[in-house]
Amino acid sequence: MSDKRSYPVTMKAVFTDKAGEKLLVKETGIPDPGADEVLVRMIAAPVNPSDLAQIRVACKDGDEGTFIPGLEGSGIVVAAGKGILPRLWLGKRVACSSEYRTSGTWAEYMVTKAGKCFPLGRRVTDEQGSMSLVNPLTALAFFEIAKKNKHGAIINNAAASALGRMVELLGKKHGIPVVNIVRNRSQAGLLRQQGSRHVLDSSDPAFIKDLGVISEELGATLLFDSVCSRQLEEMCDVLPAGSSVIIYGNLSGEEEISVKPRTLIANNLNISGFYLGSHAKNNGLFRNMLNLRQVSSLMSNDLKISIQGRFPLTEAQKAVDTYLAGMSAGKVLLVMGQE
Ligand SMILES: NC(=O)c1ccc[n+]([C@@H]2O[C@H](COP(=O)([O-])OP(=O)(O)OC[C@H]3O[C@@H](n4cnc5c(N)ncnc54)[C@H](OP(=O)(O)O)[C@@H]3O)[C@@H](O)[C@H]2O)c1
């Protein structure tokens with residue numbers, strides 16, 4: 001570890017209460033970084049659907065006393081454990097993701113692997129940088145998959161999300177049309193206003209028929225599904241033969257979905273899952289570094305994630321409530337050091 005300790009002994013961090021119903025802030029010890037690890041003084045961290053899923057799991061597992069939420073954020077590396085990479089990152093402003101359930105980004109400090117930190121470009125702000133890993137890298141991954149398998153167009157749902165808007169932006173850059181599915185008329189209006197050409201509203205009675213028509217027309221043979229509702233069965237029925245369905249989220253909260261075997265066979269459908277962590281592992285270091293450079297360049301130019309609110313750590317519960325009341329209104333950030 002670096003010789004001089006430049007940080008306090010305790011910090012504020014977010015935990016869940018015993019019943020798993022409320023987030024609260026407690027004072028806890030700041031961990032020292034071990035070999036290949038760094039200590040990051042956190043600046044900002046978003047609330048993402050994956051954070052809420054992790055909180056639910058932690059409460060189910062009885063980890064309320066030790067689990068600190070937060071999968072991504074931005075901050076400054078203030079201490080380095082043994083190893084070349086930790087030393088290299090010392091003093092740098094980084095985007096970072098958590099490695100341990102006991103040390104998440106919703107805290108004043110986080111210990112994580114140095115390999116999970118990436119220096120932020122000068123033109124990327126702390127706030128935008130705090131959201132530069134999970135969604136931007138997923139959006140890039142979608143186009144890697146689309147290009148590799150030569151899909152004519154992409155279909156994506158929950159498309160008024162931060163990720164959905166990135167997918168639309170990248171679709172224009174790559175010349176691959178994107179069919180955006182949203183869940184109500186106001187979201188559809190919003191996306192059209194922002195320049196999205198293909199928008200379908202899943203609450204419209206003609207939705208399934210329209211999906212069939214547009215996917216045939218565009219050769220949209222790749223459906224990314226983050227909602228995973230019972231409607232998926234009907235959607236599969238109208239996709240072009242040979243389509244791939246990739247499930248990457250479970251916003252509906254449905255425990256089970258069903259698909260007719262006949263549809264799978266007759267339409268030669270392929271259904272699989274996507275998790276960014278596994279995708280990045282398969283990509284290897286070089287590809288990941290290229291993708292991070294691309295994200296940095298996008299974020300320095302036209303990729304700006306909208307933010308609907310900023311809250312101090314002590315108001316973590318209010319931050320989550322605000323986010324849940326209207327996710328499409330923009331990301332909610334926890335901003336450290338504001339109390
Ligand atoms: N697998 C992976 O590795 C990976 C990586 C990144 C992201 N993701 C997933 O990508 C999705 C989008 O993430 P994000 O951070 O971009 O989200 P976000 O910006 O927070 O927005 C969430 C969107 O989902 C909509 N939504 C919520 N519940 C819904 C439901 N039951 N049916 C239809 N739409 C619903 C919201 O609409 P309202 O405003 O109407 O609530 C909002 O437009 C999430 O499911 C996330 O878990 C997965």
# chains A, B, ... in the order shown; residues from 1 in each chain; ligands from 1
>>> closest_atom_pairs(of="chain A", to="ligand 1", cutoff="6 Å", atoms="only C-alpha atoms and all ligand atoms", output="tab-separated table")
residue	atom	partner	partner_atom_place_in_ligand_line	distance
A:Asn48	CA	ligand 1	15 (O)	4.8
A:Pro49	CA	ligand 1	47 (O)	4.7
A:Ser50	CA	ligand 1	47 (O)	4.8
A:Val134	CA	ligand 1	6 (C)	5.1
A:Asn135	CA	ligand 1	6 (C)	4.6
A:Thr138	CA	ligand 1	5 (C)	5.4
A:Ala158	CA	ligand 1	34 (N)	4.4
A:Ala160	CA	ligand 1	43 (O)	4.2
A:Ser161	CA	ligand 1	21 (O)	3.5
A:Ala162	CA	ligand 1	19 (O)	3.7
A:Leu163	CA	ligand 1	16 (O)	3.6
A:Arg183	CA	ligand 1	33 (C)	5.2
A:Ser226	CA	ligand 1	45 (O)	4.5
A:Val227	CA	ligand 1	32 (N)	5.2
A:Tyr248	CA	ligand 1	1 (N)	4.0
A:Gly249	CA	ligand 1	45 (O)	3.8
A:Asn250	CA	ligand 1	45 (O)	5.6
A:Leu251	CA	ligand 1	28 (N)	4.6
A:Ser252	CA	ligand 1	31 (N)	3.6
A:Phe274	CA	ligand 1	1 (N)	5.1
A:Tyr275	CA	ligand 1	3 (O)	3.5
A:Leu276	CA	ligand 1	3 (O)	3.6
A:Gly326	CA	ligand 1	39 (O)	4.3
A:Met327	CA	ligand 1	39 (O)	3.9
A:Ser328	CA	ligand 1	39 (O)	3.6
>>> select_by_dssp(residues="region 93-253 of chain A", states="strand (DSSP E)", output="number ranges by chain")
A: 93-97, 109-113, 117-119, 153-157, 178-182, 198-201, 220-225, 244-247
>>> atom_distance(atom1="CA of Ala153 (chain A)", atom2="CA of Leu137 (chain A)")
19.1 Å
>>> residues_around(residues="Gly73 (chain A)", least_positions_apart="3", cutoff="9 Å", atoms="only C-alpha atoms", output="MDAnalysis selection string")
chainID A and resid 42:46 70 94:98 105:106 126:127 129:133
>>> write_last_selection(atoms="N, CA and C atoms", output="PDB file, in the first residue's frame")
ATOM      1  N   MET A  42     -14.976   8.291  -3.613  1.00  0.00           N
ATOM      2  CA  MET A  42     -16.070   8.380  -4.575  1.00  0.00           C
ATOM      3  C   MET A  42     -16.549   9.827  -4.752  1.00  0.00           C
ATOM      4  N   ILE A  43     -16.910  10.168  -5.979  1.00  0.00           N
ATOM      5  CA  ILE A  43     -17.456  11.498  -6.272  1.00  0.00           C
ATOM      6  C   ILE A  43     -18.932  11.393  -6.644  1.00  0.00           C
ATOM      7  N   ALA A  44     -19.274  10.457  -7.498  1.00  0.00           N
ATOM      8  CA  ALA A  44     -20.682  10.311  -7.928  1.00  0.00           C
ATOM      9  C   ALA A  44     -20.959   8.870  -8.305  1.00  0.00           C
ATOM     10  N   ALA A  45     -22.212   8.463  -8.148  1.00  0.00           N
ATOM     11  CA  ALA A  45     -22.617   7.102  -8.533  1.00  0.00           C
ATOM     12  C   ALA A  45     -24.101   7.112  -8.901  1.00  0.00           C
ATOM     13  N   PRO A  46     -24.458   6.471 -10.027  1.00  0.00           N
ATOM     14  CA  PRO A  46     -25.871   6.462 -10.425  1.00  0.00           C
ATOM     15  C   PRO A  46     -26.662   5.356  -9.723  1.00  0.00           C
ATOM     16  N   GLY A  70     -24.149  -0.357  -5.100  1.00  0.00           N
ATOM     17  CA  GLY A  70     -23.494   0.535  -6.057  1.00  0.00           C
ATOM     18  C   GLY A  70     -22.497  -0.199  -6.933  1.00  0.00           C
ATOM     19  N   VAL A  94     -11.029   8.464 -11.990  1.00  0.00           N
ATOM     20  CA  VAL A  94     -11.384   7.231 -12.715  1.00  0.00           C
ATOM     21  C   VAL A  94     -12.897   6.973 -12.734  1.00  0.00           C
ATOM     22  N   ALA A  95     -13.305   6.193 -13.734  1.00  0.00           N
ATOM     23  CA  ALA A  95     -14.606   5.512 -13.675  1.00  0.00           C
ATOM     24  C   ALA A  95     -14.294   4.167 -13.030  1.00  0.00           C
ATOM     25  N   CYS A  96     -15.167   3.701 -12.168  1.00  0.00           N
ATOM     26  CA  CYS A  96     -14.824   2.463 -11.462  1.00  0.00           C
ATOM     27  C   CYS A  96     -16.068   1.616 -11.237  1.00  0.00           C
ATOM     28  N   SER A  97     -15.846   0.308 -11.141  1.00  0.00           N
ATOM     29  CA  SER A  97     -16.971  -0.550 -10.764  1.00  0.00           C
ATOM     30  C   SER A  97     -16.561  -1.412  -9.586  1.00  0.00           C
ATOM     31  N   SER A  98     -17.561  -1.874  -8.852  1.00  0.00           N
ATOM     32  CA  SER A  98     -17.261  -2.562  -7.595  1.00  0.00           C
ATOM     33  C   SER A  98     -16.866  -4.008  -7.851  1.00  0.00           C
ATOM     34  N   THR A 105     -20.167   1.382  -4.659  1.00  0.00           N
ATOM     35  CA  THR A 105     -19.900   2.794  -4.984  1.00  0.00           C
ATOM     36  C   THR A 105     -20.785   3.762  -4.206  1.00  0.00           C
ATOM     37  N   TRP A 106     -21.812   3.251  -3.505  1.00  0.00           N
ATOM     38  CA  TRP A 106     -22.680   4.150  -2.735  1.00  0.00           C
ATOM     39  C   TRP A 106     -22.060   4.377  -1.358  1.00  0.00           C
ATOM     40  N   ASP A 126     -17.178  14.423 -14.032  1.00  0.00           N
ATOM     41  CA  ASP A 126     -17.303  13.411 -12.967  1.00  0.00           C
ATOM     42  C   ASP A 126     -18.666  12.726 -13.058  1.00  0.00           C
ATOM     43  N   GLU A 127     -19.707  13.514 -13.320  1.00  0.00           N
ATOM     44  CA  GLU A 127     -21.067  12.948 -13.318  1.00  0.00           C
ATOM     45  C   GLU A 127     -21.279  12.014 -14.506  1.00  0.00           C
ATOM     46  N   GLY A 129     -18.968  10.609 -16.229  1.00  0.00           N
ATOM     47  CA  GLY A 129     -17.997   9.519 -16.062  1.00  0.00           C
ATOM     48  C   GLY A 129     -18.493   8.444 -15.112  1.00  0.00           C
ATOM     49  N   SER A 130     -19.321   8.856 -14.143  1.00  0.00           N
ATOM     50  CA  SER A 130     -19.826   7.875 -13.169  1.00  0.00           C
ATOM     51  C   SER A 130     -20.781   6.875 -13.823  1.00  0.00           C
ATOM     52  N   MET A 131     -21.251   7.217 -15.043  1.00  0.00           N
ATOM     53  CA  MET A 131     -22.208   6.339 -15.740  1.00  0.00           C
ATOM     54  C   MET A 131     -21.589   5.782 -17.012  1.00  0.00           C
ATOM     55  N   SER A 132     -20.253   5.755 -17.076  1.00  0.00           N
ATOM     56  CA  SER A 132     -19.606   5.443 -18.356  1.00  0.00           C
ATOM     57  C   SER A 132     -19.299   3.967 -18.549  1.00  0.00           C
ATOM     58  N   LEU A 133     -19.620   3.128 -17.594  1.00  0.00           N
ATOM     59  CA  LEU A 133     -19.255   1.716 -17.761  1.00  0.00           C
ATOM     60  C   LEU A 133     -20.449   0.842 -18.136  1.00  0.00           C
TER      61      LEU A 133
END
>>> residues_around(residues="Arg192 (chain A)", least_positions_apart="3", cutoff="12 Å", atoms="only C-alpha atoms", output="PyMOL selection string")
chain A and resi 159-160+165+168+179-182+185-189+195-201
>>> residues_around(residues="region 294-296 of chain A", least_positions_apart="4", cutoff="10 Å", atoms="only C-alpha atoms", output="JSON, numbers by chain")
{"A": [119, 120, 121, 122, 123, 124, 128, 129, 132, 133, 136, 137, 139, 140, 288, 289, 290, 300, 301, 303]}
>>> residues_around(residues="Arg5 (chain A)", least_positions_apart="6", cutoff="10 Å", atoms="only C-alpha atoms", output="PyMOL selection string")
chain A and resi 32+78-79
>>> write_last_selection(atoms="N, CA, C and O atoms", output="PDB file, in the first residue's frame")
ATOM      1  N   ASP A  32      -8.510  -0.905   3.783  1.00  0.00           N
ATOM      2  CA  ASP A  32      -7.239  -0.636   3.100  1.00  0.00           C
ATOM      3  C   ASP A  32      -7.168  -1.497   1.844  1.00  0.00           C
ATOM      4  O   ASP A  32      -7.606  -2.645   1.853  1.00  0.00           O
ATOM      5  N   VAL A  78      -7.064   7.204  -4.147  1.00  0.00           N
ATOM      6  CA  VAL A  78      -6.293   7.862  -3.080  1.00  0.00           C
ATOM      7  C   VAL A  78      -5.305   6.922  -2.396  1.00  0.00           C
ATOM      8  O   VAL A  78      -4.474   7.375  -1.608  1.00  0.00           O
ATOM      9  N   ALA A  79      -5.405   5.633  -2.663  1.00  0.00           N
ATOM     10  CA  ALA A  79      -4.415   4.710  -2.098  1.00  0.00           C
ATOM     11  C   ALA A  79      -4.301   3.500  -3.016  1.00  0.00           C
ATOM     12  O   ALA A  79      -5.281   3.089  -3.643  1.00  0.00           O
TER      13      ALA A  79
END
>>> closest_residue(among="A:Gly152, A:Gly253, A:Gly171, A:Pro261", to="Pro240 (chain A)", atoms="only C-alpha atoms")
A:Gly152
>>> atom_distance(atom1="CA of Ile155 (chain A)", atom2="CA of Leu222 (chain A)")
6.1 Å
>>> atom_distance(atom1="CA of Lys82 (chain A)", atom2="CA of Phe118 (chain A)")
17.7 Å
>>> residues_around(residues="Cys236 (chain A)", least_positions_apart="3", cutoff="8 Å", atoms="only C-alpha atoms", output="list in words")
Leu232, Glu233, Leu239, Val259, Thr263 and Leu269 of chain A
>>> closest_residue(among="A:Glu144, A:Glu217, A:Glu254, A:Asp204", to="Leu170 (chain A)", atoms="only C-alpha atoms")
A:Glu144
>>> select_by_dssp(residues="region 112-315 of chain A", states="alpha helix (DSSP H)", output="PyMOL selection string")
chain A and resi 126-129+134-148+162-174+185-193+207-218+231-238+261-266+276-300
